[in-house]
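For reference, the structure discussed in these notes is given below.
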Amino acid sequence: MTLRAAAAAIALACVLGLAHAGLARSDPITIDPEGSLSALACPSVTACTGVDLSGQEVTFDPLSRRALTHATVDAAGGLDAVACPTRAQCTAVDGNGQEVVFDPKLPGTPQPVDIDDANQLTGVACPSAGQCTAVDADGQEVTFDPAAPGTPTPVTLDIEPLAAVDCPSVSRCTAVDATGGEVSFDPNLAGTPTPVTIDNNDALSAISCPSARQCTAIDNDGLDVTFDPTDPGAVTPVTVSAGDAFSSLACPSARQCTAVDDDGRELTFDPRLVTAPAPVPVAVDGGVALSAVACPSAVQCTAVDEDGREVTFDPSPATQSQGRLTGVAARRPKLELSFVMGSSAPPIETITVSLPQGLAFSGSRKALEHTIVIRGAGAKKLRFAAGTRARTLRVRLAAATTQAQVTIPSAAISVTRSLAARVREGTVKTLTVLVSATGAGHQKIELRLKLRV
């Protein structure tokens with residue numbers, strides 16, 4: 001390739017650094033060598049508690065990869081769900097209608113208590129240390145104080161088996177059933193809520209409600225359905241991974257959910273973007289069936305599997321950027337930039353581009369706004385206001401976006417004869433373009449496009 005041809009195709013694809021110190025994806029490690037882990041709760045990024053089908057609990061720090069405690073808390077075995085509203089209190093439920101509450105650091109020998117007439121409890125949620133709600137395979141819910149359960153009375157919600165429950169507040173819970181229905185209720189008030197079909201009779205396996213107005217459920221066929229539990233209306237399930245049997249789901253925010261499946265994979269997606277391209281599942285556990293996942297933050301999830309192992313990872317898709325500069329040697333420079341913001345990064349509100357010595361933005365503000373093209377998702381043209389100072393362009397978008405393709409044509413960039421000549425001659429081999437994107441809360445993410453010839 002000639003120097004002229006190389007100079008005309010200066011390009012670099014690079015990754016835009018995230019605003020957090022990303023967590024490295026780790027290998028699975030065994031934390032429960034004699035058990036099959038069935039459920040998990042992580043009240044903080046440094047504390048997780050899993051329970052298994054032998055009635056044991058194991059508490060560990062997922063960052064240090066160190067098991068802290070390992071104890072039998074239910075000699076009858078068969079723990080199916082666990083919730084930990086604080087680091088000092090967890091409540092697990094079993095297949096015999098019992099609940100057991102314990103301090104995960106000092107579990108001692110807690111005594112399980114029958115709260116559901118020996119029915120199989122399938123899910124539990126504890127919005128506070130003093131209130132938990134469990135659901136069972138007979139379509140009932142039972143609400144109780146885990147430290148002093150007494151003899152609570154189960155309430156029938158559904159004629160179908162209930163598979164999971166989440167309670168974003170002490171007065172709002174939503175459960176899902178084996179035929180694609182959801183039922184929302186106030187656990188403190190007796191009543192007869194009406195189940196609503198949201199998933200075309202497919203068996204829903206898990207639910208997560210980041211707020212009282214938004215829940216996401218997943219099923220055994222790779223679909224998710226996001227709805228307002230106070231008014232579900234007519235909702236449409238969305239395929240996020242065709243044919244996958246999801247076992248568990250965690251949504252640390254309204255715009256990010258992570259599901260795990262029976263092939264050892266995790267799938268992270270934005271539940272609000274029903275028209276977005278399907279996300280790609282990522283293998284985290286070598287094909288072993290994952291049974292549960294918990295995400296104490298948008299950038300940290302921990303999953304457990306049927307072989308007694310845990311794996312901790314950053315679920316957030318990386319924010320990516322690409323840059324391409326052409327035509328410098330011919331004095332017709334064109335700069336193209338593209339951004340795809342990761343789920344943990346804020347949507348873009350402003351973009352700032354600084355050119356190296358020898359290049360400059362040219363034209364009036366109105367001329368720049370006329371010649372520069374910015375497109376968002378689906379190639380939709382975005383409105384913006386532009387301004388320049390010295391060799392720096394600042395663009396303010398009319399509406400924030402998670403995707404942006406910026407094209408700055410030669411009519412908006414000038415190049416000196418000296419720089420063009422040095423690029424042709426090969427005495428200039430690198431040009432650096434500084435780019436920053438600012439999102440909500442003035443959070444700034446910067447990158448340096450070092451373009452080599």
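We name chains A, B, ... following the order of the structure tokens; residues begin at 1 in each chain, and ligands are numbered from 1 as shown.
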Check segment 28-268 of chain A with DSSP on the backbone and list each residue it calls strand (DSSP E or B), as a PyMOL selection string. chain A and resi 29-30+37-44+47-52+56-61+66-72+79-86+89-94+98-102+113-114+121-128+131-136+140-144+155-156+162-169+172-177+181-185+196-197+204-211+214-219+223-227+238-239+246-253+256-261+265-268
List as JSON lines every residue of segment 144-246 of chain A that is in contact with segment 87-103 of chain A, defined as an atom at most 9 Å from one of its atoms (using only C-alpha atoms), together with the nearest atom pair and the distance in Å rounded to one decimal, sorted by chain and then rising number.
```
{"residue": "A:Pro146", "atom": "CA", "partner": "A:Val101", "partner_atom": "CA", "distance": 6.1}
{"residue": "A:Ala147", "atom": "CA", "partner": "A:Val101", "partner_atom": "CA", "distance": 6.6}
{"residue": "A:Pro149", "atom": "CA", "partner": "A:Glu99", "partner_atom": "CA", "distance": 8.7}
```
Please measure the separation of atom CA of Val240 of chain A and atom CA of Thr194 of chain A, giving the value in Å to one decimal. 27.6 Å
Could you list, as a PyMOL selection string, every residue within 10 Å of Pro356 of chain A, counting only C-alpha atoms and ignoring same-chain residues fewer than 6 positions away? chain A and resi 391-392+431-434
Could you name the residues that touch Ala360 of chain A at 10 Å or less, counting only C-alpha atoms, but leaving out those on the same chain fewer than 3 positions away, as a PyMOL selection string? chain A and resi 354-357+363+388-393+412-416
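Of all the residues in segment 371-449 of chain A, the ones DSSP labels as helix (DSSP H, G or I) from the backbone are Thr371, Ala377, Gly378, Ala379, Ser410, Ala411, Ala412, Arg417, Ser418, Leu419, Ala420, Ala421, Arg422, Val423, Arg424, Glu425, Ala440, Gly441 and His442 of chain A.
Residue nearest Cys132 of chain A, chosen from A:Thr109, A:Ser169, A:Ser208, A:Thr156 and counting only C-alpha atoms: A:Ser169.
Minimum atom-to-atom distance to Ser128 of chain A, evaluated using only C-alpha atoms, belongs to A:Cys84 out of A:Cys84, A:Ala398, A:Ala164, A:Val284.
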Please provide as an MDAnalysis selection string all residues within 9 Å of Ala212 of chain A, with the sequence filter that same-chain residues fewer than 6 positions apart are discarded (counting only C-alpha atoms). chainID A and resid 167:169 172:173 228:230
For those residues, write N, CA and C atoms to a file as a PDB file, in the first residue's frame.
```pdb
ATOM      1  N   CYS A 167     -41.420  -8.524  45.635  1.00  0.00           N
ATOM      2  CA  CYS A 167     -42.159  -7.492  46.362  1.00  0.00           C
ATOM      3  C   CYS A 167     -41.312  -6.226  46.428  1.00  0.00           C
ATOM      4  N   PRO A 168     -41.534  -5.263  45.531  1.00  0.00           N
ATOM      5  CA  PRO A 168     -40.744  -4.032  45.571  1.00  0.00           C
ATOM      6  C   PRO A 168     -41.044  -3.163  46.788  1.00  0.00           C
ATOM      7  N   SER A 169     -42.171  -3.425  47.489  1.00  0.00           N
ATOM      8  CA  SER A 169     -42.507  -2.695  48.704  1.00  0.00           C
ATOM      9  C   SER A 169     -43.312  -3.597  49.617  1.00  0.00           C
ATOM     10  N   ARG A 172     -46.834  -4.152  48.063  1.00  0.00           N
ATOM     11  CA  ARG A 172     -47.014  -4.539  46.664  1.00  0.00           C
ATOM     12  C   ARG A 172     -46.158  -5.759  46.347  1.00  0.00           C
ATOM     13  N   CYS A 173     -46.804  -6.842  45.930  1.00  0.00           N
ATOM     14  CA  CYS A 173     -46.114  -8.043  45.478  1.00  0.00           C
ATOM     15  C   CYS A 173     -46.716  -8.491  44.154  1.00  0.00           C
ATOM     16  N   ASP A 228     -46.585  -3.259  33.670  1.00  0.00           N
ATOM     17  CA  ASP A 228     -46.900  -2.473  34.851  1.00  0.00           C
ATOM     18  C   ASP A 228     -47.849  -3.307  35.707  1.00  0.00           C
ATOM     19  N   PRO A 229     -47.435  -3.794  36.865  1.00  0.00           N
ATOM     20  CA  PRO A 229     -48.302  -4.675  37.645  1.00  0.00           C
ATOM     21  C   PRO A 229     -49.563  -3.991  38.167  1.00  0.00           C
ATOM     22  N   THR A 230     -49.571  -2.658  38.205  1.00  0.00           N
ATOM     23  CA  THR A 230     -50.781  -1.964  38.644  1.00  0.00           C
ATOM     24  C   THR A 230     -51.810  -1.867  37.526  1.00  0.00           C
TER      25      THR A 230
END
```
Which residues of segment 180-259 of chain A come within 12 Å of segment 303-308 of chain A, and what is each one's closest atom pair and distance in Å (one decimal), counting only C-alpha atoms, sorted by chain and residue number, as a Markdown table?
```
| residue | atom | partner | partner_atom | distance |
| --- | --- | --- | --- | --- |
| A:Ser247 | CA | A:Asp305 | CA | 10.4 |
| A:Ser248 | CA | A:Ala303 | CA | 9.1 |
| A:Leu249 | CA | A:Ala303 | CA | 10.0 |
| A:Ala250 | CA | A:Ala303 | CA | 10.2 |
| A:Thr258 | CA | A:Ala303 | CA | 10.1 |
| A:Ala259 | CA | A:Ala303 | CA | 9.5 |
```
Quick one: residues within 7 Å of segment 49-61 of chain A, only C-alpha atoms, excluding same-chain residues fewer than 6 positions away - as a CSV table (one decimal) with N, CA and C atoms, in the first residue's frame?
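The resulting out36.csv:
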```csv
chain,number,residue,atom,x,y,z
A,32,ASP,N,-19.9,-25.2,47.4
A,32,ASP,CA,-20.8,-26.1,48.1
A,32,ASP,C,-20.6,-27.5,47.5
A,35,GLY,N,-23.6,-30.1,47.7
A,35,GLY,CA,-24.9,-29.7,47.4
A,35,GLY,C,-25.2,-29.2,46.0
A,36,SER,N,-26.5,-29.1,45.7
A,36,SER,CA,-26.9,-28.5,44.4
A,36,SER,C,-27.6,-27.2,44.7
A,37,LEU,N,-26.9,-26.1,44.4
A,37,LEU,CA,-27.4,-24.8,44.8
A,37,LEU,C,-28.7,-24.5,44.0
A,38,SER,N,-29.7,-24.0,44.7
A,38,SER,CA,-31.0,-23.8,44.1
A,38,SER,C,-31.5,-22.4,44.1
A,39,ALA,N,-30.9,-21.5,45.0
A,39,ALA,CA,-31.3,-20.1,45.1
A,39,ALA,C,-30.2,-19.3,45.6
A,40,LEU,N,-30.3,-18.0,45.4
A,40,LEU,CA,-29.2,-17.1,45.8
A,40,LEU,C,-29.8,-15.7,46.1
A,41,ALA,N,-29.2,-15.0,47.1
A,41,ALA,CA,-29.5,-13.6,47.4
A,41,ALA,C,-28.2,-12.9,47.7
A,42,CYS,N,-28.1,-11.7,47.2
A,42,CYS,CA,-26.9,-10.9,47.4
A,42,CYS,C,-27.3,-9.5,47.9
A,67,ALA,N,-15.5,-18.4,50.8
A,67,ALA,CA,-16.7,-18.8,51.5
A,67,ALA,C,-16.5,-18.4,53.0
A,68,LEU,N,-17.5,-17.8,53.5
A,68,LEU,CA,-17.5,-17.3,54.9
A,68,LEU,C,-18.1,-18.3,55.8
A,69,THR,N,-19.3,-18.8,55.5
A,69,THR,CA,-20.0,-19.8,56.3
A,69,THR,C,-20.6,-20.9,55.5
A,70,HIS,N,-20.8,-22.1,56.1
A,70,HIS,CA,-21.4,-23.2,55.4
A,70,HIS,C,-22.0,-24.0,56.5
A,71,ALA,N,-23.4,-24.0,56.5
A,71,ALA,CA,-24.1,-24.6,57.6
A,71,ALA,C,-25.4,-25.2,57.2
A,72,THR,N,-25.9,-26.2,57.9
A,72,THR,CA,-27.2,-26.8,57.7
A,72,THR,C,-28.2,-26.0,58.5
A,73,VAL,N,-29.2,-25.4,57.8
A,73,VAL,CA,-30.2,-24.6,58.4
A,73,VAL,C,-31.6,-25.2,58.4
A,74,ASP,N,-31.7,-26.3,57.6
A,74,ASP,CA,-33.0,-27.0,57.4
A,74,ASP,C,-32.7,-28.5,57.2
A,75,ALA,N,-32.7,-29.3,58.3
A,75,ALA,CA,-32.3,-30.7,58.2
A,75,ALA,C,-33.3,-31.5,57.3
A,76,ALA,N,-34.5,-31.0,57.1
A,76,ALA,CA,-35.4,-31.7,56.2
A,76,ALA,C,-35.0,-31.5,54.8
A,77,GLY,N,-34.2,-30.5,54.5
A,77,GLY,CA,-33.7,-30.3,53.1
A,77,GLY,C,-34.7,-29.7,52.2
A,78,GLY,N,-34.3,-29.6,50.9
A,78,GLY,CA,-35.1,-29.1,49.9
A,78,GLY,C,-35.4,-27.6,49.9
A,79,LEU,N,-34.4,-26.8,50.2
A,79,LEU,CA,-34.6,-25.3,50.2
A,79,LEU,C,-34.7,-24.8,48.7
A,82,VAL,N,-34.6,-18.1,48.6
A,82,VAL,CA,-34.0,-17.4,49.7
A,82,VAL,C,-34.1,-15.9,49.4
A,104,PRO,N,-26.7,-15.0,58.2
A,104,PRO,CA,-25.8,-15.8,57.3
A,104,PRO,C,-24.3,-15.8,57.8
```
Which residues are close to Gly222 of chain A, i.e. within 9 Å by only C-alpha atoms, leaving aside same-chain residues fewer than 4 positions away? Reply as an NGL selection string. :A and (218 or 238-246 or 261)
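Distances to Ser211 of chain A were evaluated for A:Ala400, A:Ala254, A:Ala292, A:Val196 using only C-alpha atoms, and the minimum falls at A:Ala254.
Distances from A:Pro409, A:Gly139, A:Thr133, A:Pro152 to Val113 of chain A were compared using only C-alpha atoms, and the smallest one belongs to A:Pro152.
You will find atom CA of Arg324 of chain A at 9.7 Å from atom CA of Thr407 of chain A.
Distances here use only C-alpha atoms; by that measure, the residue among A:Leu397, A:Ala234, A:Ala411, A:Ala386 closest to Thr371 of chain A is A:Ala411.
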